[in-house]
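S.K.: So that we are looking at the same thing, I have put the structure below in structure tokens.
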Amino acid sequence: MLNRLWRYVSAALFASLVIGRAAHAITPEAAPVTIPHGAIVERQPLRVDYGLPEAGEQFSIRYSSIDGVGGIEAREDTGAVFLPKGPTPPGGWPVVVWAHGTVGIASTCAPSLNVRSARDIQYLGTWLSLGFAVVAPDYAGLGSQGLHHYLNARAEAYSVLDSLLAARSVFPLQNRVIFVGQSQGAHAAFAAAGFQPLYAPDVKVIATVLTGTPYFNAQTSAATLFAGQPDPGAPDPKIPYAMYIFLSAADRDPSLNPAKYFSPQALPVLEEARTLCIDTLTDHSTAAGLNAGNSMQPGIQKLLDSQTPSLRYPTLSVKHPVFIGMGMEDIDVPVIMQKAFARDVTKAGTKTTVRMYDGLDHDATVNPSLRDSVPFILQLMSTKRRASAQ
């Protein structure tokens, strides 16, 4: 009873702080230094069937964060923490912060509320078996209040960084961190790497590991995004992504008319995208035969242009090494987009290691990339360990 009463009192105080700060016109840039974030609100054992076989212990967490969409309001988000088997090493476990790929935009799609895919179980199990704890944020709006704003770089970054800060406060974790992400998660991981120096400056990032990385810049066009489809008349797996981007935009601007961006054939599936998670939505989109030719209206480019500022990374120059893996048969995130990302990040001065995987598509690249990314990480950690010992 006392715990429940304290939760209600805490919530009221939390809300009053938010209202008070909003009244003083906090800017998004100033919010991180004025609004508390990155603290554990709740932790409890994670359901066994939502967990990872390689984990010794696993927990669901709720933590304080900042709304990265508007940038000025406090919120609470969710995630999971997985600890390796065996005794805790001196100083705690090194950390992989896992940024997951597209799951949907409805709260019920949160990874911590669902069974993880066989691909992710294998992938995360590898990092656990190597002695890394895994912190796995859900992202704002997944498992928490509000709609998840798909591919919003700042919102993703705040969720990733605050999950780490919160986990560090209650679990035996080292301040040696690897950001790891696939697909949307690669977008979230690299966004977190860019925001980290100002938002979480005491975090020591060893490296960032990315596969299937989306990239948006001033030249991004809808035509280019959909041009990589081998058979333009076949159903395109990227249509649901476009729907999630529209619904995220419409959440901020309800006046947006979906008929300006999607055809009558696509509108029923668009409505379903509000609540369906990605696997089911993709099945429905495929069953309806949706592709760029029969689904998109000319206005889709204007929508993309309006949303691109929120999808772009805060910087392409980060001070730690970045591993970039891409499957040469990837049609979910076009290879041309991934190559442009690798080129521009390298040109910006970031130390990059790029690996291309012939014959592998978006999903199939994830686990084979471990044969390169694991040695990449272990070498970096060994080098830093020797340097600190000298």
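In the structure tokens, chains take letters A, B, ... by order of appearance, with residues numbered from 1 within each chain and ligands from 1 in the order shown.
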From a DSSP calculation on the backbone, collect every residue of region 239-349 of chain A in strand (DSSP E or B) and output the set as a VMD selection string.
M.R.: chain A and resid 262 296 322 to 327
S.K.: Which region 86-189 of chain A residues have any atom within 9 Å of an atom of region 240-257 of chain A, and for each, what is the nearest pair of atoms with distance in Å to one decimal, counting only C-alpha atoms, rows sorted by chain and number, as a Markdown table?
M.R.:
| residue | atom | partner | partner_atom | distance |
| --- | --- | --- | --- | --- |
| A:Thr102 | CA | A:Tyr241 | CA | 8.3 |
| A:Gly104 | CA | A:Tyr244 | CA | 7.4 |
| A:Ile105 | CA | A:Tyr244 | CA | 6.8 |
| A:Leu147 | CA | A:Ser248 | CA | 7.3 |
| A:His148 | CA | A:Ser248 | CA | 7.2 |
| A:His149 | CA | A:Ser248 | CA | 4.8 |
| A:Tyr150 | CA | A:Ile245 | CA | 5.8 |
| A:Leu151 | CA | A:Ile245 | CA | 7.5 |
| A:Asn152 | CA | A:Ser248 | CA | 8.8 |
S.K.: At a cut-off of 8 Å, using only C-alpha atoms, what residues contact Val318 (chain A)? Leave out same-chain residues fewer than 6 positions from it and give the result as a list in words.
M.R.: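 Neighbouring residues, sequence-local ones excluded: Ala193, Gly194, Gly349 and Thr350 of chain A.
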S.K.: Any chance you could list, as a PyMOL selection string, the residues in region 251-328 of chain A that come up helix (DSSP H, G or I) when DSSP is run on the backbone?
M.R.: chain A and resi 251-252+258-260+267-272+278-287+292-295+300-311
S.K.: Print the selection's residues with N, CA, C and O atoms to a file, as a compact mmCIF listing (two decimals), in the first residue's frame.
M.R.:
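Result went into selection05.txt, see below:
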# COMPACT_ATOMS: atom_id res chain seq x y z
N ASP A 251 0.64 11.92 -36.18
CA ASP A 251 0.45 12.03 -34.73
C ASP A 251 0.76 13.44 -34.26
O ASP A 251 0.15 13.94 -33.32
N ARG A 252 1.71 14.10 -34.92
CA ARG A 252 2.04 15.49 -34.60
C ARG A 252 1.15 16.48 -35.35
O ARG A 252 0.92 17.59 -34.88
N PRO A 258 -4.36 11.27 -45.35
CA PRO A 258 -3.66 10.09 -45.86
C PRO A 258 -3.87 9.85 -47.35
O PRO A 258 -3.01 9.28 -48.01
N ALA A 259 -5.01 10.30 -47.88
CA ALA A 259 -5.29 10.09 -49.30
C ALA A 259 -4.35 10.88 -50.21
O ALA A 259 -4.27 10.59 -51.41
N LYS A 260 -3.65 11.87 -49.67
CA LYS A 260 -2.67 12.61 -50.47
C LYS A 260 -1.37 11.83 -50.65
O LYS A 260 -0.56 12.16 -51.51
N LEU A 267 -4.99 2.36 -48.43
CA LEU A 267 -5.54 3.01 -47.24
C LEU A 267 -6.04 2.04 -46.17
O LEU A 267 -5.82 2.29 -44.97
N PRO A 268 -6.70 0.94 -46.52
CA PRO A 268 -7.13 0.02 -45.45
C PRO A 268 -5.96 -0.57 -44.67
O PRO A 268 -6.04 -0.74 -43.45
N VAL A 269 -4.88 -0.87 -45.35
CA VAL A 269 -3.69 -1.40 -44.67
C VAL A 269 -3.04 -0.31 -43.84
O VAL A 269 -2.54 -0.57 -42.73
N LEU A 270 -3.03 0.92 -44.33
CA LEU A 270 -2.51 2.04 -43.55
C LEU A 270 -3.23 2.16 -42.22
O LEU A 270 -2.60 2.38 -41.18
N GLU A 271 -4.53 2.03 -42.23
CA GLU A 271 -5.30 2.13 -40.99
C GLU A 271 -4.89 1.01 -40.03
O GLU A 271 -4.78 1.22 -38.81
N GLU A 272 -4.63 -0.17 -40.57
CA GLU A 272 -4.20 -1.29 -39.72
C GLU A 272 -2.82 -1.06 -39.12
O GLU A 272 -2.50 -1.59 -38.05
N ILE A 278 5.01 -5.36 -37.03
CA ILE A 278 5.56 -5.40 -38.38
C ILE A 278 5.33 -6.72 -39.11
O ILE A 278 5.04 -6.72 -40.30
N ASP A 279 5.45 -7.85 -38.45
CA ASP A 279 5.29 -9.12 -39.17
C ASP A 279 3.88 -9.27 -39.72
O ASP A 279 3.68 -9.63 -40.88
N THR A 280 2.88 -8.99 -38.88
CA THR A 280 1.49 -9.11 -39.33
C THR A 280 1.16 -8.05 -40.36
O THR A 280 0.48 -8.33 -41.36
N LEU A 281 1.64 -6.83 -40.15
CA LEU A 281 1.38 -5.76 -41.11
C LEU A 281 2.00 -6.11 -42.47
O LEU A 281 1.37 -5.89 -43.52
N THR A 282 3.22 -6.63 -42.47
CA THR A 282 3.86 -7.02 -43.73
C THR A 282 3.07 -8.11 -44.42
O THR A 282 2.91 -8.09 -45.65
N ASP A 283 2.53 -9.05 -43.66
CA ASP A 283 1.69 -10.10 -44.25
C ASP A 283 0.47 -9.49 -44.92
O ASP A 283 0.09 -9.87 -46.04
N HIS A 284 -0.18 -8.53 -44.26
CA HIS A 284 -1.38 -7.89 -44.83
C HIS A 284 -1.01 -7.06 -46.06
O HIS A 284 -1.76 -7.05 -47.04
N SER A 285 0.11 -6.35 -45.98
CA SER A 285 0.55 -5.56 -47.12
C SER A 285 0.89 -6.44 -48.32
O SER A 285 0.55 -6.12 -49.46
N THR A 286 1.53 -7.55 -48.05
CA THR A 286 1.87 -8.49 -49.12
C THR A 286 0.61 -9.11 -49.72
O THR A 286 0.49 -9.24 -50.95
N ALA A 287 -0.33 -9.49 -48.86
CA ALA A 287 -1.58 -10.08 -49.35
C ALA A 287 -2.35 -9.10 -50.22
O ALA A 287 -3.03 -9.51 -51.17
N ALA A 292 5.28 0.29 -54.53
CA ALA A 292 5.33 1.73 -54.74
C ALA A 292 4.40 2.17 -55.86
O ALA A 292 3.75 3.22 -55.78
N GLY A 293 4.31 1.37 -56.91
CA GLY A 293 3.51 1.75 -58.07
C GLY A 293 2.02 1.82 -57.79
O GLY A 293 1.33 2.68 -58.34
N ASN A 294 1.52 0.93 -56.95
CA ASN A 294 0.07 0.92 -56.71
C ASN A 294 -0.33 1.48 -55.35
O ASN A 294 -1.52 1.50 -55.02
N SER A 295 0.65 1.93 -54.55
CA SER A 295 0.34 2.37 -53.19
C SER A 295 0.63 3.84 -52.93
O SER A 295 -0.05 4.47 -52.11
N ILE A 300 3.95 11.67 -51.56
CA ILE A 300 4.81 10.97 -50.61
C ILE A 300 6.18 11.63 -50.51
O ILE A 300 6.81 11.61 -49.44
N GLN A 301 6.65 12.23 -51.61
CA GLN A 301 7.95 12.91 -51.55
C GLN A 301 7.88 14.13 -50.64
O GLN A 301 8.82 14.39 -49.87
N LYS A 302 6.79 14.86 -50.69
CA LYS A 302 6.63 16.02 -49.81
C LYS A 302 6.60 15.58 -48.36
O LYS A 302 7.18 16.24 -47.48
N LEU A 303 5.94 14.46 -48.10
CA LEU A 303 5.92 13.93 -46.73
C LEU A 303 7.34 13.58 -46.29
O LEU A 303 7.75 13.94 -45.18
N LEU A 304 8.07 12.90 -47.14
CA LEU A 304 9.44 12.51 -46.80
C LEU A 304 10.31 13.74 -46.55
O LEU A 304 11.08 13.79 -45.59
N ASP A 305 10.16 14.76 -47.39
CA ASP A 305 10.93 15.99 -47.21
C ASP A 305 10.62 16.64 -45.85
O ASP A 305 11.53 17.14 -45.18
N SER A 306 9.35 16.62 -45.47
CA SER A 306 8.97 17.26 -44.21
C SER A 306 9.48 16.50 -42.99
O SER A 306 9.73 17.09 -41.93
N GLN A 307 9.64 15.18 -43.15
CA GLN A 307 10.06 14.36 -42.02
C GLN A 307 11.57 14.16 -41.94
O GLN A 307 12.10 13.80 -40.89
N THR A 308 12.27 14.37 -43.04
CA THR A 308 13.70 14.08 -43.08
C THR A 308 14.50 14.76 -41.97
O THR A 308 15.41 14.13 -41.39
N PRO A 309 14.23 16.02 -41.61
CA PRO A 309 15.01 16.62 -40.51
C PRO A 309 14.98 15.80 -39.22
O PRO A 309 16.00 15.71 -38.52
N SER A 310 13.86 15.18 -38.90
CA SER A 310 13.77 14.39 -37.67
C SER A 310 14.39 13.01 -37.84
O SER A 310 14.68 12.33 -36.85
N LEU A 311 14.61 12.57 -39.08
CA LEU A 311 15.18 11.25 -39.34
C LEU A 311 16.70 11.29 -39.46
O LEU A 311 17.35 10.25 -39.43
S.K.: Kindly give the distance, in Å, that separates CA of Ala192 (chain A) and CA of Tyr158 (chain A), rounded to a single decimal.
M.R.: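 The value is 7.1 Å.
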S.K.: Quick one: everything within 9 Å of Val322 (chain A), counting only C-alpha atoms, minus sequence neighbours fewer than 6 positions away in the same chain. Send it as a list in words.
M.R.: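 So, after excluding close chain neighbours, the residues are Phe190, Ala207, Thr208, Val209, Leu210, Thr350, Lys351, Thr352, Thr353 and Val354 of chain A.
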